[in-house]
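Structure data (TSV, C-alpha atoms) from run-v1.tsv:
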```
chain	number	residue	atom	x	y	z
Q	152	MET	CA	53.59	-52.96	-28.02
Q	153	SER	CA	53.53	-56.15	-25.96
Q	154	VAL	CA	55.88	-58.87	-24.73
Q	155	THR	CA	55.47	-62.40	-23.38
Q	156	SER	CA	57.53	-63.35	-20.34
Q	157	ASN	CA	57.97	-66.12	-17.75
Q	158	GLY	CA	58.35	-63.38	-15.12
Q	159	GLU	CA	61.87	-64.26	-13.97
Q	160	ASN	CA	63.32	-60.77	-14.59
Q	161	GLY	CA	60.18	-58.69	-15.00
Q	162	ALA	CA	60.51	-56.67	-11.80
Q	163	ARG	CA	63.95	-55.51	-12.88
Q	164	ILE	CA	63.38	-54.68	-16.55
Q	165	LEU	CA	59.70	-53.70	-16.85
Q	166	PRO	CA	60.11	-50.06	-15.69
Q	167	GLY	CA	62.62	-49.46	-18.49
Q	168	CYS	CA	60.40	-51.25	-20.98
Q	169	VAL	CA	57.49	-48.96	-20.11
Q	170	GLN	CA	59.69	-45.93	-20.74
Q	171	ALA	CA	60.53	-47.43	-24.14
Q	172	GLY	CA	56.82	-47.74	-25.02
Q	173	LEU	CA	55.69	-51.12	-23.70
Q	174	GLN	CA	51.91	-51.25	-23.22
Q	175	ARG	CA	51.09	-54.87	-22.40
Q	176	VAL	CA	52.81	-57.88	-20.86
Q	177	ASN	CA	51.68	-61.51	-21.03
Q	178	PHE	CA	53.02	-63.81	-18.32
Q	179	SER	CA	53.21	-67.53	-19.05
Q	180	VAL	CA	52.20	-69.33	-15.83
Q	181	PHE	CA	53.38	-72.93	-15.53
Q	182	GLY	CA	52.59	-73.39	-11.84
Q	183	THR	CA	51.26	-71.61	-8.76
Q	184	ASP	CA	53.23	-73.72	-6.29
Q	185	PRO	CA	56.58	-75.58	-6.40
Q	186	GLY	CA	54.92	-78.94	-7.06
Q	187	GLU	CA	53.03	-77.70	-10.11
Q	188	LEU	CA	56.10	-75.97	-11.48
Q	189	ALA	CA	58.21	-79.11	-11.12
Q	190	GLU	CA	55.59	-81.08	-13.03
Q	191	ALA	CA	55.30	-78.61	-15.89
Q	192	GLN	CA	58.95	-77.57	-16.23
Q	193	ASN	CA	62.23	-79.44	-16.40
Q	194	ALA	CA	63.90	-81.45	-13.66
Q	195	LYS	CA	65.89	-78.59	-12.12
Q	196	PHE	CA	62.71	-77.08	-10.65
Q	197	ARG	CA	62.12	-80.25	-8.64
Q	198	ARG	CA	64.35	-78.55	-6.10
Q	199	ALA	CA	61.85	-76.76	-3.88
Q	200	SER	CA	64.08	-73.73	-3.34
Q	201	LEU	CA	64.49	-73.05	-7.08
Q	202	ALA	CA	60.81	-73.55	-7.79
Q	203	ALA	CA	59.81	-71.26	-4.92
Q	204	ALA	CA	62.24	-68.56	-6.10
Q	205	LYS	CA	60.81	-68.71	-9.61
Q	206	ILE	CA	57.24	-68.36	-8.37
Q	207	GLU	CA	58.24	-65.49	-6.07
Q	208	ALA	CA	59.87	-63.73	-9.05
Q	209	LEU	CA	56.68	-64.16	-11.09
Q	210	ASP	CA	54.57	-62.75	-8.24
Q	211	GLU	CA	56.81	-59.70	-8.00
Q	212	SER	CA	56.82	-59.19	-11.78
Q	213	ILE	CA	53.01	-59.24	-11.88
Q	214	ARG	CA	52.85	-56.77	-8.98
Q	215	VAL	CA	55.29	-54.41	-10.71
Q	216	ALA	CA	53.45	-54.66	-14.04
Q	217	LEU	CA	50.13	-53.78	-12.42
Q	218	ASP	CA	51.66	-50.92	-10.42
Q	219	LEU	CA	53.14	-49.52	-13.64
Q	220	GLY	CA	49.68	-49.48	-15.22
Q	221	LEU	CA	50.53	-52.06	-17.88
Q	222	MET	CA	47.78	-54.20	-19.37
Q	223	THR	CA	48.77	-57.42	-17.62
Q	224	ARG	CA	47.68	-60.92	-18.56
Q	225	ALA	CA	48.46	-64.42	-17.29
Q	226	ASN	CA	48.40	-67.22	-19.85
Q	227	VAL	CA	47.87	-70.76	-18.59
Q	228	VAL	CA	47.54	-73.92	-20.70
Q	229	LEU	CA	45.00	-76.46	-19.46
Q	230	PRO	CA	46.03	-79.95	-20.65
Q	231	ASP	CA	43.47	-81.89	-18.59
Q	232	ARG	CA	41.24	-81.74	-15.51
Q	233	SER	CA	44.15	-82.27	-13.11
Q	234	HIS	CA	45.33	-78.72	-13.91
Q	235	ILE	CA	41.99	-76.99	-13.18
Q	236	GLY	CA	43.04	-76.10	-9.64
Q	237	ARG	CA	45.86	-73.94	-11.01
Q	238	VAL	CA	43.35	-71.58	-12.65
Q	239	HIS	CA	41.26	-71.38	-9.46
Q	240	ARG	CA	44.40	-70.45	-7.52
Q	241	LEU	CA	45.39	-67.82	-10.08
Q	242	LEU	CA	42.01	-66.13	-9.79
Q	243	GLU	CA	42.14	-66.23	-5.99
Q	244	ARG	CA	45.77	-65.13	-5.72
Q	245	TYR	CA	45.87	-62.10	-7.99
Q	246	SER	CA	43.96	-58.87	-8.32
Q	247	PRO	CA	41.04	-58.73	-10.79
Q	248	ARG	CA	43.24	-56.24	-12.66
Q	249	LEU	CA	45.21	-59.27	-13.84
Q	250	SER	CA	43.51	-60.70	-16.91
Q	251	VAL	CA	43.65	-64.50	-16.89
Q	252	ARG	CA	43.59	-66.34	-20.22
Q	253	VAL	CA	43.14	-70.12	-20.41
Q	254	LEU	CA	44.53	-71.85	-23.51
Q	255	SER	CA	43.67	-75.26	-24.89
Q	256	SER	CA	46.41	-77.79	-25.53
Q	257	LEU	CA	46.66	-79.21	-29.04
Q	258	ALA	CA	48.70	-82.14	-27.75
Q	259	ASP	CA	45.89	-83.19	-25.40
Q	260	GLY	CA	43.00	-82.60	-27.78
Q	261	GLU	CA	39.53	-83.42	-26.45
Q	262	GLU	CA	40.88	-83.95	-22.93
Q	263	SER	CA	41.98	-80.32	-22.85
Q	264	LEU	CA	38.69	-79.04	-24.27
Q	265	ASP	CA	36.77	-81.10	-21.70
Q	266	ALA	CA	38.91	-79.61	-18.90
Q	267	ILE	CA	38.09	-76.08	-20.08
Q	268	ASP	CA	34.35	-76.87	-20.15
Q	269	THR	CA	34.61	-78.32	-16.63
Q	270	LEU	CA	36.48	-75.24	-15.37
Q	271	LEU	CA	33.87	-72.86	-16.79
Q	272	ALA	CA	31.07	-74.90	-15.18
Q	273	GLU	CA	32.84	-74.88	-11.80
Q	274	LEU	CA	33.32	-71.12	-11.99
Q	275	GLY	CA	29.77	-70.46	-13.17
Q	276	ALA	CA	31.25	-68.58	-16.14
Q	277	GLU	CA	28.99	-67.36	-18.92
Q	278	PRO	CA	30.43	-66.69	-22.41
Q	279	HIS	CA	29.37	-63.26	-23.59
Q	280	GLU	CA	31.72	-62.34	-26.43
Q	281	VAL	CA	33.73	-64.20	-29.08
Q	282	HIS	CA	36.80	-62.65	-30.71
Q	283	LEU	CA	37.76	-63.89	-34.17
Q	284	ILE	CA	40.97	-62.60	-35.77
Q	285	ALA	CA	41.55	-63.51	-39.40
Q	286	GLY	CA	44.78	-65.32	-40.17
Q	287	THR	CA	45.46	-66.54	-36.64
Q	288	SER	CA	45.61	-70.01	-35.09
Q	289	GLY	CA	42.50	-69.85	-32.95
Q	290	PHE	CA	39.73	-67.76	-31.42
Q	291	ARG	CA	39.06	-66.23	-28.01
Q	292	ALA	CA	35.91	-66.32	-25.93
Q	293	SER	CA	35.32	-63.78	-23.18
Q	294	CYS	CA	33.51	-65.32	-20.19
Q	295	ARG	CA	32.05	-63.40	-17.28
Q	296	LEU	CA	32.23	-64.84	-13.76
Q	297	PRO	CA	29.44	-64.32	-11.18
Q	298	ASN	CA	31.56	-61.67	-9.41
Q	299	GLY	CA	31.92	-59.72	-12.65
Q	300	ARG	CA	35.51	-60.71	-13.37
Q	301	VAL	CA	36.26	-61.66	-16.98
Q	302	LEU	CA	38.07	-64.87	-17.91
Q	303	MET	CA	39.41	-65.29	-21.44
Q	304	VAL	CA	39.48	-68.71	-23.09
Q	305	LYS	CA	41.56	-69.29	-26.20
Q	306	HIS	CA	41.09	-72.33	-28.38
Q	307	ILE	CA	44.13	-73.20	-30.50
Q	308	SER	CA	43.78	-74.73	-33.96
Q	309	PRO	CA	46.57	-75.73	-36.37
Q	310	LEU	CA	47.39	-73.16	-39.04
Q	311	ARG	CA	49.82	-73.73	-41.89
Q	312	LEU	CA	51.42	-71.24	-44.26
Q	313	PRO	CA	50.56	-72.34	-47.82
Q	314	GLU	CA	54.14	-72.74	-49.08
Q	315	THR	CA	56.60	-72.63	-46.19
Q	316	CYS	CA	54.76	-75.13	-43.98
Q	317	THR	CA	53.74	-77.47	-46.79
Q	318	GLY	CA	57.29	-78.51	-47.60
Q	319	CYS	CA	58.68	-78.31	-44.06
Q	320	ARG	CA	60.18	-81.43	-42.45
Q	321	PHE	CA	58.37	-80.57	-39.21
Q	322	ASN	CA	54.96	-80.47	-40.88
Q	323	ASN	CA	53.35	-83.37	-39.02
Q	324	ASP	CA	51.20	-83.86	-35.92
Q	325	THR	CA	54.16	-84.89	-33.76
Q	326	ASP	CA	56.87	-82.32	-34.51
Q	327	CYS	CA	54.61	-79.32	-35.14
Q	328	GLN	CA	51.12	-79.37	-33.71
Q	329	GLU	CA	50.35	-75.67	-33.99
Q	330	GLY	CA	52.05	-74.64	-37.22
Q	331	TYR	CA	52.18	-70.89	-37.88
Q	332	TYR	CA	51.34	-68.92	-34.74
Q	333	GLY	CA	52.30	-65.42	-35.81
Q	334	VAL	CA	55.32	-63.27	-36.56
Q	335	ARG	CA	57.98	-62.86	-33.88
Q	336	LEU	CA	60.44	-60.00	-33.63
Q	337	GLN	CA	63.88	-61.03	-32.43
Q	338	ARG	CA	67.17	-59.20	-31.98
Q	339	ASP	CA	70.56	-60.78	-32.65
Q	340	LEU	CA	73.84	-60.11	-30.84
Q	341	THR	CA	74.67	-57.23	-33.19
Q	342	GLY	CA	71.41	-55.44	-32.41
Q	343	THR	CA	69.78	-56.24	-35.77
Q	344	PHE	CA	66.06	-57.04	-35.59
Q	345	HIS	CA	64.77	-60.10	-37.42
Q	346	VAL	CA	61.25	-61.33	-38.13
Q	347	GLY	CA	60.51	-65.04	-37.67
Q	348	VAL	CA	57.48	-67.10	-38.57
Q	349	CYS	CA	58.41	-70.37	-36.86
Q	350	ILE	CA	59.75	-71.16	-33.39
Q	351	GLN	CA	61.51	-74.29	-34.68
Q	352	ARG	CA	63.17	-72.93	-37.82
Q	353	MET	CA	65.50	-70.02	-37.22
Q	354	ASP	CA	66.58	-70.28	-40.88
Q	355	LEU	CA	63.29	-68.61	-41.78
Q	356	CYS	CA	64.20	-65.46	-39.83
Q	357	LEU	CA	64.92	-62.43	-41.98
Q	358	PRO	CA	66.09	-58.91	-41.15
Q	359	VAL	CA	63.06	-56.62	-41.01
Q	360	HIS	CA	63.92	-54.76	-44.24
Q	361	GLU	CA	64.23	-58.08	-46.10
Q	362	PHE	CA	61.11	-59.59	-44.57
Q	363	VAL	CA	58.79	-56.79	-45.73
Q	364	ARG	CA	59.91	-57.40	-49.33
Q	365	SER	CA	59.86	-61.20	-49.15
Q	366	GLY	CA	57.34	-63.79	-50.24
Q	367	LEU	CA	56.72	-64.65	-46.60
Q	368	CYS	CA	54.66	-61.49	-46.24
Q	369	GLU	CA	52.39	-62.54	-49.10
Q	370	GLN	CA	52.03	-66.05	-47.60
Q	371	ILE	CA	50.78	-64.49	-44.37
Q	372	ARG	CA	48.62	-61.84	-45.99
Q	373	LYS	CA	46.83	-64.05	-48.54
Q	374	PRO	CA	45.16	-66.56	-46.18
Q	375	ARG	CA	44.47	-63.75	-43.69
Q	376	ASP	CA	42.63	-61.70	-46.32
Q	377	GLN	CA	40.70	-64.76	-47.50
Q	378	GLU	CA	39.64	-65.66	-43.96
Q	379	PHE	CA	38.64	-62.05	-43.29
Q	380	TYR	CA	36.48	-62.13	-46.42
Q	381	ASP	CA	34.89	-65.44	-45.37
Q	382	LEU	CA	34.17	-64.16	-41.84
Q	383	ARG	CA	32.49	-61.02	-43.17
Q	384	ALA	CA	30.48	-63.04	-45.68
```
Show this structure as structure tokens.
Amino acid sequence: MSVTSNGENGARILPGCVQAGLQRVNFSVFGTDPGELAEAQNAKFRRASLAAAKIEALDESIRVALDLGLMTRANVVLPDRSHIGRVHRLLERYSPRLSVRVLSSLADGEESLDAIDTLLAELGAEPHEVHLIAGTSGFRASCRLPNGRVLMVKHISPLRLPETCTGCRFNNDTDCQEGYYGVRLQRDLTGTFHVGVCIQRMDLCLPVHEFVRSGLCEQIRKPRDQEFYDLRA
């Protein structure tokens, strides 16, 4: 079981999550200093005190996660070369027990891919393993640094569900660059768990018992099985 978090409340809630069965936590890192955070986030973090508090909370959440023995990962999107320094600082700032994963940005296209290549060259990283998962929106490459630390690189590619995405009003390169990313489990105010397949369309969320009997399952399973067959072939 895993969760993705911005780290704001991790130090407070992670111990209870571990008791409930949590095994892995992914932290989304938007900045390693107040200036970076203000650039990547909304205007309210342009106040140095708020930005600093947010970064301090993330630091503490990562520390707590590692101390609890959770598999802990930091996800950072690399839009262009100006963001390369953020990855260097992440690697310098945190223990090698923190797995760092660099993601490409669909919105920035070749500029993002070029930034990733530049980062790997600066680090002296050597790709040694590629992870392909059928039915997902990308692939991961495991790169080893000269000091032995492993850096993960994930390349994102658009993925569309054959029926749901085809007729969706967001199905264009501006409103929806990534398409289907994966299923998301959400809980409403009554405590009922729902499964969603789109971060923009909450109308597609279904209670778990309805989702497993719905056509959405088949839409996910069919292209996944076909891609798995193609990869094995």
Notebook entry, point to check: Quick one: of Q:Glu211, Q:Leu221, Q:Phe362, Q:Thr155, who's nearest to Gly172 in chain Q, counting all atoms listed in the file?
Noted result: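 Checking each of Q:Glu211, Q:Leu221, Q:Phe362, Q:Thr155 against Gly172 in chain Q, counting all atoms listed in the file, the winner is Q:Leu221.
The protein and nucleic acid residues lying at most 10 Å from Gly299 in chain Q are Pro247, Ala276, Cys294 and Arg295 of chain Q, with only C-alpha atoms considered and sequence neighbours fewer than 4 positions away removed.
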Check: Out of Q:Arg352, Q:Arg248, Q:Lys305, Q:His345, which residue has the shortest atom-to-atom distance to Asp326 in chain Q when counting all atoms listed in the file?
Finding: Q:Arg352
Adding 6 Å on each side of the box along x, y and z that holds all listed atoms of range 241-248 of chain Q, could you give its centre and edge lengths in Å to one decimal, as lines of an AutoDock Vina configuration file?
```
center_x = 43.5
center_y = -62.0
center_z = -9.2
size_x = 16.8
size_y = 23.6
size_z = 18.9
```
Note to self: Can you pull out the residues contacting Arg232 in chain Q? Cut-off 8 Å, using all atoms listed in the file, and skip same-chain residues under 3 positions away; I want them as a list in words.
What the structure shows: Leu229, Ile235, Glu262, Ser263, Asp265, Ala266, Ile267 and Thr269 of chain Q
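Shortest atom-to-atom contact with Ser153 in chain Q among Q:Thr223, Q:Gln328, Q:Gln170, Q:Gln370: Q:Thr223, counting only C-alpha atoms.
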Note to self: as a list in words, please: the residues near Cys349 in chain Q (cut-off 9 Å, all atoms listed in the file, same-chain neighbours under 5 positions excluded).
What the structure shows: Gly330, Tyr331, Tyr332, Gly333, Val334, Arg335, Leu355 and Cys356 of chain Q
Checklist line | Pairwise distance for CA of Gly158 in chain Q and CA of Val304 in chain Q, rounded to one decimal in Å | finding: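 Computed distance, CA of Gly158 in chain Q to CA of Val304 in chain Q, equals 21.2 Å.
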Could you pull the residues within 9 Å of Gly161 in chain Q, counting all atoms listed in the file, minus those fewer than 5 positions along the same chain, as an mmCIF file with C-alpha atoms, in the frame of the given file?
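Just written: result04.cif:
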```cif
data_model
loop_
_atom_site.group_PDB
_atom_site.id
_atom_site.type_symbol
_atom_site.label_atom_id
_atom_site.label_comp_id
_atom_site.auth_asym_id
_atom_site.auth_seq_id
_atom_site.Cartn_x
_atom_site.Cartn_y
_atom_site.Cartn_z
ATOM 1 C CA SER Q 156 57.530 -63.350 -20.340
ATOM 2 C CA PRO Q 166 60.110 -50.060 -15.690
ATOM 3 C CA ALA Q 208 59.870 -63.730 -9.050
ATOM 4 C CA LEU Q 209 56.680 -64.160 -11.090
ATOM 5 C CA GLU Q 211 56.810 -59.700 -8.000
ATOM 6 C CA SER Q 212 56.820 -59.190 -11.780
ATOM 7 C CA ILE Q 213 53.010 -59.240 -11.880
ATOM 8 C CA VAL Q 215 55.290 -54.410 -10.710
ATOM 9 C CA ALA Q 216 53.450 -54.660 -14.040
#
```
Margin query: With all atoms listed in the file as the counted atoms, please give the residues lying no more than 8 Å from Arg372 in chain Q, apart from itself and same-chain residues fewer than 4 positions off, as a ChimeraX atom specification.
Written below: /Q:286,368,376
Item checked: Minimum-distance residue to Gly260 in chain Q, chosen among Q:Arg320, Q:Leu165, Q:His306, Q:Ile206 (using all atoms listed in the file) -> Q:His306
Next item on the list: Work out how far apart CA of Arg338 in chain Q and CA of Ile350 in chain Q are and give it in Å to one decimal.
Entry: 14.1 Å
Next item on the list: Tell me, in Å to one decimal, how far CA of Arg224 in chain Q is from CA of Asp324 in chain Q.
Entry: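 About the pair CA of Arg224 in chain Q and CA of Asp324 in chain Q: they are 29.0 Å apart.
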Next item on the list: Select all residues near (57.1, -64.9, -41.6) (cut-off 6 Å, inclusive, file coordinates), counting all atoms listed in the file, and output them as a count of residues only.
Entry: 4
Checklist line | From Q:Ala384, Q:Cys327, Q:Leu302, Q:Ile371, residue lying nearest Ala225 in chain Q [only C-alpha atoms] | finding: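 Selected residue with least distance to Ala225 in chain Q: Q:Leu302.
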Checklist line | Residue with smallest distance to Leu242 in chain Q - pool Q:Thr183, Q:Asp381, Q:Gly366, Q:Leu217, counting only C-alpha atoms | finding: Q:Thr183
Next item on the list: Compute the distance from (49.2, -67.5, -16.8) to each atom, counting all atoms listed in the file, keep the residues with any atom at most 7 Å away, and return them as JSON, numbers by chain; use the coordinates of the file.
Entry: {"Q": [178, 179, 180, 181, 224, 225, 226, 227, 251, 252]}
For the residues in that selection, give me C-alpha atoms as an mmCIF file, in the coordinates of the input.
```
data_model
loop_
_atom_site.group_PDB
_atom_site.id
_atom_site.type_symbol
_atom_site.label_atom_id
_atom_site.label_comp_id
_atom_site.auth_asym_id
_atom_site.auth_seq_id
_atom_site.Cartn_x
_atom_site.Cartn_y
_atom_site.Cartn_z
ATOM 1 C CA PHE Q 178 53.020 -63.810 -18.320
ATOM 2 C CA SER Q 179 53.210 -67.530 -19.050
ATOM 3 C CA VAL Q 180 52.200 -69.330 -15.830
ATOM 4 C CA PHE Q 181 53.380 -72.930 -15.530
ATOM 5 C CA ARG Q 224 47.680 -60.920 -18.560
ATOM 6 C CA ALA Q 225 48.460 -64.420 -17.290
ATOM 7 C CA ASN Q 226 48.400 -67.220 -19.850
ATOM 8 C CA VAL Q 227 47.870 -70.760 -18.590
ATOM 9 C CA VAL Q 251 43.650 -64.500 -16.890
ATOM 10 C CA ARG Q 252 43.590 -66.340 -20.220
#
```
